Amino acid sequence: MALKKRSKVSAEFNMSSLTDIIFLLLIFFMLTSTVVAPNALNLKLPGRADTPASPSTERLDEVRIDAEGSFFFNDRRITSEELEAQLQPRGGRGYSMLIAPDRDAPVEGVVTVMDLAMRLDINGVLAAEE
């Protein structure tokens, strides 16, 4: 009885076509993805801990924001429009102020005060946490 000889099946896999597809997908996703620029607030952070702090003789105006979102300018309750009127003559000449939001204060209040400071060209904005 004559048996047919089976042909061997090659178990090799050609990777060159797979690498071409991977590189094409990589280029496609790199070109179609959007580059996200971080949109953050520009705050001045304190310097190193070993540098001596210079004592400040000037009194900073304090803007507090309570848990209900109310504004207090030097411990006097005011609206955002009154706050803008108070800060208008002080802005633009190296004026510094302190923003002290309550722990439960809404973020919108802090953003409102920082936006107001940016519009009035107040550079020295310090944020304090209680």
# chains A, B, ... in the order shown; residues from 1 in each chain; ligands from 1
$ residues_around --residues "Gly69 (chain A)" --least-positions-apart "4" --cutoff "7 Å" --atoms "only C-alpha atoms" --output "list of chain:residue names"
A:Ile65, A:Ala105, A:Pro106, A:Gly109
$ write_last_selection --atoms "C-alpha atoms" --output "PDB file, in the first residue's frame"
ATOM      1  CA  ILE A  65     -14.608  83.912  50.586  1.00  0.00           C
ATOM      2  CA  ALA A 105     -15.848  77.928  49.653  1.00  0.00           C
ATOM      3  CA  PRO A 106     -16.991  77.365  46.072  1.00  0.00           C
ATOM      4  CA  GLY A 109     -15.634  82.554  44.035  1.00  0.00           C
TER       5      GLY A 109
END
$ residues_around --residues "Arg119 (chain A)" --least-positions-apart "2" --cutoff "12 Å" --atoms "only C-alpha atoms" --output "PyMOL selection string"
chain A and resi 84+87-88+91-92+112-117+121-123
$ atom_distance --atom1 "CA of Asp75 (chain A)" --atom2 "CA of Arg103 (chain A)"
17.0 Å
$ atom_distance --atom1 "CA of Val107 (chain A)" --atom2 "CA of Ser80 (chain A)"
14.4 Å
$ closest_residue --among "A:Arg90, A:Ala2, A:Val9, A:Val63" --to "Ile78 (chain A)" --atoms "only C-alpha atoms"
A:Val63
$ closest_residue --among "A:Val110, A:Leu31, A:Leu24, A:Leu120" --to "Ala85 (chain A)" --atoms "only C-alpha atoms"
A:Leu120
